[in-house]
Amino acid sequence: MSDTIVIRGATVVDATTTGTRADVAVRDGRVVEVGDSLSPAGARVLDAEGCIVAPGLVDIQVHFREPGREDSETIETGSRAAALGGFTAVVCMPNTNPPLDDAAVVQAVIGRGREVGLCDVRVAGCITKGRAGKELAPLGELYDLGVRIFTDDGDCVADAAIMRRAFEYATALPGAVIAQHAEDPSLVRGGHMHEGDWSARLGIPGRPAEAEIVIVARDLALARRTGGRYHVLHLSTAGAADLVRCAKVEGLRVTAECTPQHLALTDASCAGYDPVFKMNPPLRGETDRDGVRAALLDGTIDAIATDHAPHAPETKAVPFEEAPPGMLGVETAFAVSHDELVTSGELTMQGLLARLSWQPAAIAGLEACHGRPVAAGEPANLVVIDPDATWTVDAMSVASRSRNTPWAGRTLRGRVRHTLLQGNPTVIDQEACR
Ligand SMILES: [Zn+2]
């Protein structure tokens, strides 16, 4: 029996309410009471005056680099960064070394996540063995370990026949989804940024929007043929958003996510040749950026996911064309999205939390324990956010083991104050508890 914690004075925002002021009492991993002026004997009080209390955030695309690149991030540092960002669950992508195509490696990552205990660490499994794109990984075996998202992320599954087989196989596994890093390798080979006016001006070989569009079009055709469930990772183009919009109208089982950086930044950020702005798929031009924003607002894109991609400082301290792609994301995702969409008046707080909590939870099959309403009896995976707090991102003080944040020096509005995982505080007053 653990002590009772009372979150005092916050406004509840979840899938069922857009703003009820209430205290929230938590004990033994669950919310036990939501009401006025709760003061159970001996309770520990977390002040939340002026804040929002909501279900914990869920990031369905992170790279915690363990096993293989623990110099860039570990499950421990990544989990701590995620908790500071308000996340109670993450899904780790399988492009580790060795990759997550095997039961033993998947079990090791899940076990390490539990041991660290700062975030509910789930994993995506590979679609193909060794992420080599040739032969299906043992999807059923990984599914039995709790894996629901299958992807070769980092790389696109380029072979249409393999993709068709993956869809066919996954249709027999309830809740399983085939997720694609949609960039046709033959169109992006040798490219380092979005192909457009800026790439031409900077003399950097490009990665065209069509690389994403042709893969999403092909995969939607295969999803239609097989009845399979499809998820587009880090969707970045207006063209692919249009395809997903039509597919949803048609009734195909398709979902999509976008990153905060694709909502907020364009390829103009690459003008200084700073490798921190390099990622795959690349930051696009304004038309694509606006198309992605519109798709997120109209429900075509279901979720915001960070693609948190740490790289040790020395690996990014090289010329743009030699640097690995990827940016940090979990510590800033809420504030950046909040600033871009809520402060600007385009989205409500509830709308933003839908895209950062319960909708991604549903895609990843986590809806029984994350993104739940803040109500008695529900699992106490919660975040307390001060929507008015402003803060300036300091790359040197992030909890991640890496420093490659594109937001360094940016002043953002909206900050995570407390995070609770299964009733235990992981973050109190912006400090990690472990
Ligand atoms: Zn990717």
# chains A, B, ... in the order shown; residues from 1 in each chain; ligands from 1

call {"tool": "residues_near_ligand", "arguments": {"ligand": "ligand 1", "cutoff": "6 Å", "atoms": "only C-alpha atoms and all ligand atoms", "output": "PyMOL selection string"}}
result
chain A and resi 153-154+181

call {"tool": "residues_around", "arguments": {"residues": "Val276 of chain A", "least_positions_apart": "2", "cutoff": "6 Å", "atoms": "only C-alpha atoms", "output": "number ranges by chain"}}
result
A: 274, 278, 404, 406

call {"tool": "write_last_selection", "arguments": {"atoms": "N, CA and C atoms", "output": "PDB file, in the first residue's frame"}}
result
ATOM      1  N   ASP A 274      23.722  23.836 -40.754  1.00  0.00           N
ATOM      2  CA  ASP A 274      23.850  23.265 -39.413  1.00  0.00           C
ATOM      3  C   ASP A 274      23.213  21.872 -39.393  1.00  0.00           C
ATOM      4  N   LYS A 278      19.177  18.495 -39.849  1.00  0.00           N
ATOM      5  CA  LYS A 278      19.102  17.394 -40.809  1.00  0.00           C
ATOM      6  C   LYS A 278      18.305  16.246 -40.217  1.00  0.00           C
ATOM      7  N   ASN A 404      21.528  17.322 -29.643  1.00  0.00           N
ATOM      8  CA  ASN A 404      21.111  17.795 -30.964  1.00  0.00           C
ATOM      9  C   ASN A 404      19.652  18.234 -31.009  1.00  0.00           C
ATOM     10  N   PRO A 406      16.970  21.043 -32.146  1.00  0.00           N
ATOM     11  CA  PRO A 406      16.848  22.183 -33.059  1.00  0.00           C
ATOM     12  C   PRO A 406      16.249  23.407 -32.372  1.00  0.00           C
TER      13      PRO A 406
END

call {"tool": "atom_distance", "arguments": {"atom1": "atom CA of Ser37 of chain A", "atom2": "atom CA of Val12 of chain A"}}
result
14.2 Å

call {"tool": "residues_around", "arguments": {"residues": "Phe277 of chain A", "least_positions_apart": "3", "cutoff": "8 Å", "atoms": "only C-alpha atoms", "output": "list in words"}}
result
Ser269, Cys270, Asp274, Leu283, Gly326, Met327 and Pro406 of chain A

call {"tool": "residues_around", "arguments": {"residues": "segment 227-236 of chain A", "least_positions_apart": "2", "cutoff": "7 Å", "atoms": "only C-alpha atoms", "output": "list in words"}}
result
Phe167, Glu168, Ala170, Thr171, Val177, Ile178, Ala179, Gln180, His181, Ala223, Arg224, Arg225, Arg253, Val254, Thr255, Ala256, Glu257, Cys258, Thr259, His262, Pro281, Arg284, Asp288 and Val292 of chain A

call {"tool": "closest_atom_pairs", "arguments": {"of": "segment 106-188 of chain A", "to": "segment 373-381 of chain A", "cutoff": "12 Å", "atoms": "only C-alpha atoms", "output": "CSV"}}
result
residue,atom,partner,partner_atom,distance
A:Leu118,CA,A:Asn381,CA,11.2
A:Cys119,CA,A:Asn381,CA,9.5
A:Asp120,CA,A:Asn381,CA,9.5

call {"tool": "residues_around", "arguments": {"residues": "segment 187-189 of chain A", "least_positions_apart": "2", "cutoff": "12 Å", "atoms": "only C-alpha atoms", "output": "JSON, numbers by chain"}}
result
{"A": [155, 156, 158, 182, 183, 184, 185, 191, 192, 193, 194, 195, 205, 206, 207, 208, 209, 210, 211, 212, 213, 214, 215, 280, 281, 282]}

call {"tool": "select_by_dssp", "arguments": {"residues": "segment 347-401 of chain A", "states": "strand (DSSP E)", "output": "PyMOL selection string"}}
result
chain A and resi 382-392

call {"tool": "write_last_selection", "arguments": {"atoms": "N, CA and C atoms", "output": "short mmCIF file (atom, residue, chain, number, x, y, z; two decimals), in the first residue's frame"}}
result
data_model
loop_
_atom_site.label_atom_id
_atom_site.label_comp_id
_atom_site.auth_asym_id
_atom_site.auth_seq_id
_atom_site.Cartn_x
_atom_site.Cartn_y
_atom_site.Cartn_z
N LEU A 382 -0.23 10.13 -15.44
CA LEU A 382 -0.74 11.50 -15.51
C LEU A 382 0.38 12.50 -15.76
N VAL A 383 -0.01 13.63 -16.35
CA VAL A 383 0.93 14.74 -16.50
C VAL A 383 0.27 16.02 -16.00
N VAL A 384 1.05 16.86 -15.36
CA VAL A 384 0.59 18.18 -14.92
C VAL A 384 1.40 19.21 -15.69
N ILE A 385 0.67 20.07 -16.40
CA ILE A 385 1.30 21.02 -17.32
C ILE A 385 0.93 22.44 -16.92
N ASP A 386 1.91 23.31 -16.87
CA ASP A 386 1.63 24.73 -16.68
C ASP A 386 1.59 25.37 -18.06
N PRO A 387 0.39 25.71 -18.54
CA PRO A 387 0.28 26.19 -19.93
C PRO A 387 0.85 27.60 -20.12
N ASP A 388 1.02 28.33 -19.04
CA ASP A 388 1.49 29.72 -19.16
C ASP A 388 2.98 29.88 -18.90
N ALA A 389 3.62 28.84 -18.39
CA ALA A 389 5.06 28.96 -18.06
C ALA A 389 5.87 29.10 -19.33
N THR A 390 6.78 30.08 -19.34
CA THR A 390 7.68 30.19 -20.49
C THR A 390 9.07 29.74 -20.05
N TRP A 391 9.80 29.18 -20.96
CA TRP A 391 11.15 28.70 -20.67
C TRP A 391 11.97 28.71 -21.94
N THR A 392 13.27 28.77 -21.76
CA THR A 392 14.16 28.81 -22.91
C THR A 392 14.96 27.51 -22.95
#

call {"tool": "select_by_dssp", "arguments": {"residues": "segment 80-199 of chain A", "states": "alpha helix (DSSP H)", "output": "MDAnalysis selection string"}}
result
chainID A and resid 80:84 103:116 139:144 160:170 185:188 197:199

call {"tool": "write_last_selection", "arguments": {"atoms": "N, CA and C atoms", "output": "short mmCIF file (atom, residue, chain, number, x, y, z; two decimals), in the first residue's frame"}}
result
data_model
loop_
_atom_site.label_atom_id
_atom_site.label_comp_id
_atom_site.auth_asym_id
_atom_site.auth_seq_id
_atom_site.Cartn_x
_atom_site.Cartn_y
_atom_site.Cartn_z
N ARG A 80 14.23 9.18 -18.86
CA ARG A 80 14.22 10.37 -18.01
C ARG A 80 13.83 11.60 -18.83
N ALA A 81 14.40 11.72 -20.02
CA ALA A 81 14.05 12.84 -20.90
C ALA A 81 12.56 12.80 -21.24
N ALA A 82 12.05 11.60 -21.51
CA ALA A 82 10.63 11.46 -21.86
C ALA A 82 9.74 11.86 -20.69
N ALA A 83 10.10 11.42 -19.48
CA ALA A 83 9.30 11.78 -18.30
C ALA A 83 9.30 13.29 -18.11
N LEU A 84 10.44 13.92 -18.30
CA LEU A 84 10.51 15.39 -18.18
C LEU A 84 9.64 16.06 -19.24
N ALA A 103 13.15 -12.22 -30.40
CA ALA A 103 12.48 -12.21 -29.10
C ALA A 103 13.42 -11.83 -27.95
N ALA A 104 14.65 -12.33 -27.98
CA ALA A 104 15.57 -12.07 -26.87
C ALA A 104 15.90 -10.58 -26.75
N VAL A 105 16.15 -9.94 -27.87
CA VAL A 105 16.50 -8.50 -27.84
C VAL A 105 15.28 -7.68 -27.40
N VAL A 106 14.11 -8.03 -27.92
CA VAL A 106 12.88 -7.32 -27.53
C VAL A 106 12.66 -7.46 -26.02
N GLN A 107 12.82 -8.67 -25.51
CA GLN A 107 12.64 -8.89 -24.06
C GLN A 107 13.64 -8.08 -23.25
N ALA A 108 14.87 -8.00 -23.74
CA ALA A 108 15.91 -7.27 -23.01
C ALA A 108 15.56 -5.78 -22.92
N VAL A 109 15.08 -5.20 -24.02
CA VAL A 109 14.74 -3.77 -24.02
C VAL A 109 13.54 -3.51 -23.11
N ILE A 110 12.52 -4.35 -23.22
CA ILE A 110 11.34 -4.17 -22.36
C ILE A 110 11.73 -4.32 -20.88
N GLY A 111 12.57 -5.32 -20.60
CA GLY A 111 13.02 -5.56 -19.23
C GLY A 111 13.80 -4.39 -18.68
N ARG A 112 14.69 -3.83 -19.50
CA ARG A 112 15.48 -2.68 -19.07
C ARG A 112 14.57 -1.46 -18.80
N GLY A 113 13.58 -1.29 -19.65
CA GLY A 113 12.63 -0.19 -19.45
C GLY A 113 11.91 -0.31 -18.12
N ARG A 114 11.53 -1.53 -17.77
CA ARG A 114 10.84 -1.76 -16.49
C ARG A 114 11.76 -1.49 -15.32
N GLU A 115 13.01 -1.94 -15.46
CA GLU A 115 14.00 -1.76 -14.41
C GLU A 115 14.23 -0.27 -14.14
N VAL A 116 14.33 0.52 -15.21
CA VAL A 116 14.54 1.96 -15.07
C VAL A 116 13.30 2.61 -14.44
N LEU A 139 7.08 -12.12 -36.90
CA LEU A 139 6.10 -11.16 -36.38
C LEU A 139 5.24 -11.76 -35.28
N GLY A 140 4.82 -13.01 -35.45
CA GLY A 140 3.94 -13.65 -34.47
C GLY A 140 4.62 -13.81 -33.12
N GLU A 141 5.89 -14.17 -33.16
CA GLU A 141 6.66 -14.36 -31.93
C GLU A 141 6.82 -13.03 -31.19
N LEU A 142 7.08 -11.97 -31.94
CA LEU A 142 7.24 -10.64 -31.33
C LEU A 142 5.89 -10.14 -30.81
N TYR A 143 4.84 -10.44 -31.57
CA TYR A 143 3.49 -10.06 -31.16
C TYR A 143 3.16 -10.68 -29.80
N ASP A 144 3.56 -11.94 -29.62
CA ASP A 144 3.27 -12.63 -28.35
C ASP A 144 3.98 -11.97 -27.16
N ALA A 160 7.69 -4.26 -52.58
CA ALA A 160 6.23 -4.27 -52.46
C ALA A 160 5.70 -5.66 -52.07
N ALA A 161 6.35 -6.71 -52.55
CA ALA A 161 5.88 -8.07 -52.24
C ALA A 161 6.07 -8.38 -50.76
N ILE A 162 7.20 -7.93 -50.21
CA ILE A 162 7.45 -8.12 -48.76
C ILE A 162 6.40 -7.34 -47.96
N MET A 163 6.13 -6.13 -48.41
CA MET A 163 5.15 -5.30 -47.71
C MET A 163 3.77 -5.97 -47.77
N ARG A 164 3.43 -6.53 -48.90
CA ARG A 164 2.14 -7.23 -49.02
C ARG A 164 2.08 -8.41 -48.05
N ARG A 165 3.17 -9.18 -47.98
CA ARG A 165 3.20 -10.33 -47.06
C ARG A 165 3.07 -9.87 -45.61
N ALA A 166 3.75 -8.77 -45.28
CA ALA A 166 3.67 -8.24 -43.91
C ALA A 166 2.23 -7.87 -43.56
N PHE A 167 1.56 -7.20 -44.48
CA PHE A 167 0.15 -6.84 -44.25
C PHE A 167 -0.68 -8.11 -44.05
N GLU A 168 -0.47 -9.10 -44.92
CA GLU A 168 -1.26 -10.33 -44.84
C GLU A 168 -1.04 -11.02 -43.50
N TYR A 169 0.21 -11.09 -43.10
CA TYR A 169 0.55 -11.74 -41.83
C TYR A 169 -0.08 -10.99 -40.65
N ALA A 170 0.05 -9.68 -40.69
CA ALA A 170 -0.40 -8.87 -39.55
C ALA A 170 -1.92 -8.85 -39.41
N PRO A 185 13.79 4.43 -51.42
CA PRO A 185 15.26 4.57 -51.39
C PRO A 185 15.85 4.97 -52.73
N SER A 186 15.22 4.56 -53.82
CA SER A 186 15.81 4.87 -55.13
C SER A 186 15.70 6.36 -55.44
N LEU A 187 14.78 7.06 -54.76
CA LEU A 187 14.62 8.49 -55.01
C LEU A 187 15.40 9.36 -54.03
N VAL A 188 15.80 8.81 -52.90
CA VAL A 188 16.48 9.64 -51.89
C VAL A 188 17.97 9.32 -51.77
N ASP A 197 14.00 24.65 -53.72
CA ASP A 197 14.79 25.87 -53.96
C ASP A 197 15.99 25.94 -53.03
N TRP A 198 15.77 25.58 -51.76
CA TRP A 198 16.87 25.70 -50.79
C TRP A 198 17.99 24.71 -51.08
N SER A 199 17.65 23.49 -51.45
CA SER A 199 18.71 22.50 -51.73
C SER A 199 19.51 22.96 -52.95
#

call {"tool": "atom_distance", "arguments": {"atom1": "atom CA of Ala172 of chain A", "atom2": "atom CA of Pro138 of chain A"}}
result
13.3 Å

call {"tool": "residues_around", "arguments": {"residues": "Asp23 of chain A", "least_positions_apart": "3", "cutoff": "9 Å", "atoms": "only C-alpha atoms", "output": "number ranges by chain"}}
result
A: 6-12, 33-38, 48

call {"tool": "residues_around", "arguments": {"residues": "segment 122-128 of chain A", "least_positions_apart": "5", "cutoff": "6 Å", "atoms": "only C-alpha atoms", "output": "list in words"}}
result
Val90, Val91, Cys92, Met93, Pro94, Leu100, Asp101, Gly133, Glu135, Leu136, Ala137, Val147, Ile149, Phe150, Thr151 and Asp152 of chain A

call {"tool": "decode", "arguments": {"residues": "segment 328-361 of chain A", "atoms": "N, CA and C atoms", "output": "PDB file, in the first residue's frame"}}
result
ATOM      1  N   LEU A 328      16.637  15.604 -31.388  1.00  0.00           N
ATOM      2  CA  LEU A 328      15.995  15.307 -30.105  1.00  0.00           C
ATOM      3  C   LEU A 328      14.555  15.806 -30.137  1.00  0.00           C
ATOM      4  N   GLY A 329      13.701  15.206 -29.311  1.00  0.00           N
ATOM      5  CA  GLY A 329      12.308  15.657 -29.360  1.00  0.00           C
ATOM      6  C   GLY A 329      11.498  15.550 -28.083  1.00  0.00           C
ATOM      7  N   VAL A 330      11.779  14.560 -27.233  1.00  0.00           N
ATOM      8  CA  VAL A 330      10.808  14.272 -26.167  1.00  0.00           C
ATOM      9  C   VAL A 330      10.686  15.387 -25.118  1.00  0.00           C
ATOM     10  N   GLU A 331      11.767  16.114 -24.855  1.00  0.00           N
ATOM     11  CA  GLU A 331      11.687  17.118 -23.784  1.00  0.00           C
ATOM     12  C   GLU A 331      10.963  18.389 -24.230  1.00  0.00           C
ATOM     13  N   THR A 332      10.902  18.601 -25.541  1.00  0.00           N
ATOM     14  CA  THR A 332      10.330  19.842 -26.065  1.00  0.00           C
ATOM     15  C   THR A 332       9.013  19.654 -26.809  1.00  0.00           C
ATOM     16  N   ALA A 333       8.597  18.407 -27.020  1.00  0.00           N
ATOM     17  CA  ALA A 333       7.448  18.133 -27.907  1.00  0.00           C
ATOM     18  C   ALA A 333       6.187  18.864 -27.462  1.00  0.00           C
ATOM     19  N   PHE A 334       5.888  18.800 -26.165  1.00  0.00           N
ATOM     20  CA  PHE A 334       4.661  19.462 -25.731  1.00  0.00           C
ATOM     21  C   PHE A 334       4.744  20.962 -25.970  1.00  0.00           C
ATOM     22  N   ALA A 335       5.828  21.580 -25.506  1.00  0.00           N
ATOM     23  CA  ALA A 335       5.917  23.045 -25.585  1.00  0.00           C
ATOM     24  C   ALA A 335       5.920  23.535 -27.033  1.00  0.00           C
ATOM     25  N   VAL A 336       6.653  22.849 -27.900  1.00  0.00           N
ATOM     26  CA  VAL A 336       6.707  23.282 -29.301  1.00  0.00           C
ATOM     27  C   VAL A 336       5.324  23.155 -29.935  1.00  0.00           C
ATOM     28  N   SER A 337       4.672  22.012 -29.719  1.00  0.00           N
ATOM     29  CA  SER A 337       3.345  21.805 -30.324  1.00  0.00           C
ATOM     30  C   SER A 337       2.336  22.783 -29.731  1.00  0.00           C
ATOM     31  N   HIS A 338       2.438  23.015 -28.430  1.00  0.00           N
ATOM     32  CA  HIS A 338       1.536  23.944 -27.748  1.00  0.00           C
ATOM     33  C   HIS A 338       1.682  25.352 -28.308  1.00  0.00           C
ATOM     34  N   ASP A 339       2.937  25.779 -28.454  1.00  0.00           N
ATOM     35  CA  ASP A 339       3.214  27.107 -29.002  1.00  0.00           C
ATOM     36  C   ASP A 339       2.710  27.240 -30.430  1.00  0.00           C
ATOM     37  N   GLU A 340       2.969  26.208 -31.224  1.00  0.00           N
ATOM     38  CA  GLU A 340       2.607  26.255 -32.640  1.00  0.00           C
ATOM     39  C   GLU A 340       1.097  26.236 -32.840  1.00  0.00           C
ATOM     40  N   LEU A 341       0.387  25.459 -32.029  1.00  0.00           N
ATOM     41  CA  LEU A 341      -1.010  25.163 -32.357  1.00  0.00           C
ATOM     42  C   LEU A 341      -2.026  25.735 -31.375  1.00  0.00           C
ATOM     43  N   VAL A 342      -1.673  25.789 -30.078  1.00  0.00           N
ATOM     44  CA  VAL A 342      -2.645  26.265 -29.082  1.00  0.00           C
ATOM     45  C   VAL A 342      -2.454  27.763 -28.827  1.00  0.00           C
ATOM     46  N   THR A 343      -1.212  28.173 -28.571  1.00  0.00           N
ATOM     47  CA  THR A 343      -0.944  29.602 -28.384  1.00  0.00           C
ATOM     48  C   THR A 343      -1.414  30.383 -29.611  1.00  0.00           C
ATOM     49  N   SER A 344      -1.259  29.781 -30.779  1.00  0.00           N
ATOM     50  CA  SER A 344      -1.662  30.446 -32.023  1.00  0.00           C
ATOM     51  C   SER A 344      -3.171  30.407 -32.241  1.00  0.00           C
ATOM     52  N   GLY A 345      -3.900  29.651 -31.406  1.00  0.00           N
ATOM     53  CA  GLY A 345      -5.361  29.620 -31.504  1.00  0.00           C
ATOM     54  C   GLY A 345      -5.918  28.625 -32.498  1.00  0.00           C
ATOM     55  N   GLU A 346      -5.064  27.787 -33.079  1.00  0.00           N
ATOM     56  CA  GLU A 346      -5.555  26.852 -34.102  1.00  0.00           C
ATOM     57  C   GLU A 346      -6.166  25.587 -33.510  1.00  0.00           C
ATOM     58  N   LEU A 347      -5.780  25.266 -32.273  1.00  0.00           N
ATOM     59  CA  LEU A 347      -6.218  24.016 -31.663  1.00  0.00           C
ATOM     60  C   LEU A 347      -6.498  24.275 -30.192  1.00  0.00           C
ATOM     61  N   THR A 348      -7.462  23.555 -29.613  1.00  0.00           N
ATOM     62  CA  THR A 348      -7.715  23.666 -28.169  1.00  0.00           C
ATOM     63  C   THR A 348      -6.698  22.805 -27.417  1.00  0.00           C
ATOM     64  N   MET A 349      -6.612  23.028 -26.111  1.00  0.00           N
ATOM     65  CA  MET A 349      -5.752  22.177 -25.287  1.00  0.00           C
ATOM     66  C   MET A 349      -6.188  20.720 -25.396  1.00  0.00           C
ATOM     67  N   GLN A 350      -7.496  20.480 -25.372  1.00  0.00           N
ATOM     68  CA  GLN A 350      -7.979  19.105 -25.482  1.00  0.00           C
ATOM     69  C   GLN A 350      -7.599  18.498 -26.841  1.00  0.00           C
ATOM     70  N   GLY A 351      -7.702  19.321 -27.875  1.00  0.00           N
ATOM     71  CA  GLY A 351      -7.327  18.849 -29.211  1.00  0.00           C
ATOM     72  C   GLY A 351      -5.855  18.478 -29.281  1.00  0.00           C
ATOM     73  N   LEU A 352      -5.022  19.283 -28.639  1.00  0.00           N
ATOM     74  CA  LEU A 352      -3.592  18.981 -28.631  1.00  0.00           C
ATOM     75  C   LEU A 352      -3.307  17.696 -27.850  1.00  0.00           C
ATOM     76  N   LEU A 353      -3.944  17.575 -26.673  1.00  0.00           N
ATOM     77  CA  LEU A 353      -3.709  16.384 -25.847  1.00  0.00           C
ATOM     78  C   LEU A 353      -4.233  15.121 -26.536  1.00  0.00           C
ATOM     79  N   ALA A 354      -5.302  15.246 -27.293  1.00  0.00           N
ATOM     80  CA  ALA A 354      -5.794  14.093 -28.069  1.00  0.00           C
ATOM     81  C   ALA A 354      -4.681  13.567 -28.967  1.00  0.00           C
ATOM     82  N   ARG A 355      -3.960  14.509 -29.605  1.00  0.00           N
ATOM     83  CA  ARG A 355      -2.926  14.139 -30.568  1.00  0.00           C
ATOM     84  C   ARG A 355      -1.615  13.722 -29.905  1.00  0.00           C
ATOM     85  N   LEU A 356      -1.465  14.049 -28.630  1.00  0.00           N
ATOM     86  CA  LEU A 356      -0.241  13.691 -27.904  1.00  0.00           C
ATOM     87  C   LEU A 356      -0.473  12.593 -26.874  1.00  0.00           C
ATOM     88  N   SER A 357      -1.711  12.196 -26.650  1.00  0.00           N
ATOM     89  CA  SER A 357      -1.948  11.200 -25.595  1.00  0.00           C
ATOM     90  C   SER A 357      -2.865  10.070 -26.061  1.00  0.00           C
ATOM     91  N   TRP A 358      -4.181  10.305 -26.046  1.00  0.00           N
ATOM     92  CA  TRP A 358      -5.068   9.144 -26.241  1.00  0.00           C
ATOM     93  C   TRP A 358      -5.102   8.644 -27.677  1.00  0.00           C
ATOM     94  N   GLN A 359      -4.916   9.515 -28.660  1.00  0.00           N
ATOM     95  CA  GLN A 359      -4.918   8.997 -30.047  1.00  0.00           C
ATOM     96  C   GLN A 359      -3.662   8.164 -30.356  1.00  0.00           C
ATOM     97  N   PRO A 360      -2.457   8.648 -30.023  1.00  0.00           N
ATOM     98  CA  PRO A 360      -1.304   7.757 -30.205  1.00  0.00           C
ATOM     99  C   PRO A 360      -1.393   6.487 -29.353  1.00  0.00           C
ATOM    100  N   ALA A 361      -1.961   6.588 -28.140  1.00  0.00           N
ATOM    101  CA  ALA A 361      -2.114   5.385 -27.305  1.00  0.00           C
ATOM    102  C   ALA A 361      -2.945   4.336 -28.037  1.00  0.00           C
TER     103      ALA A 361
END
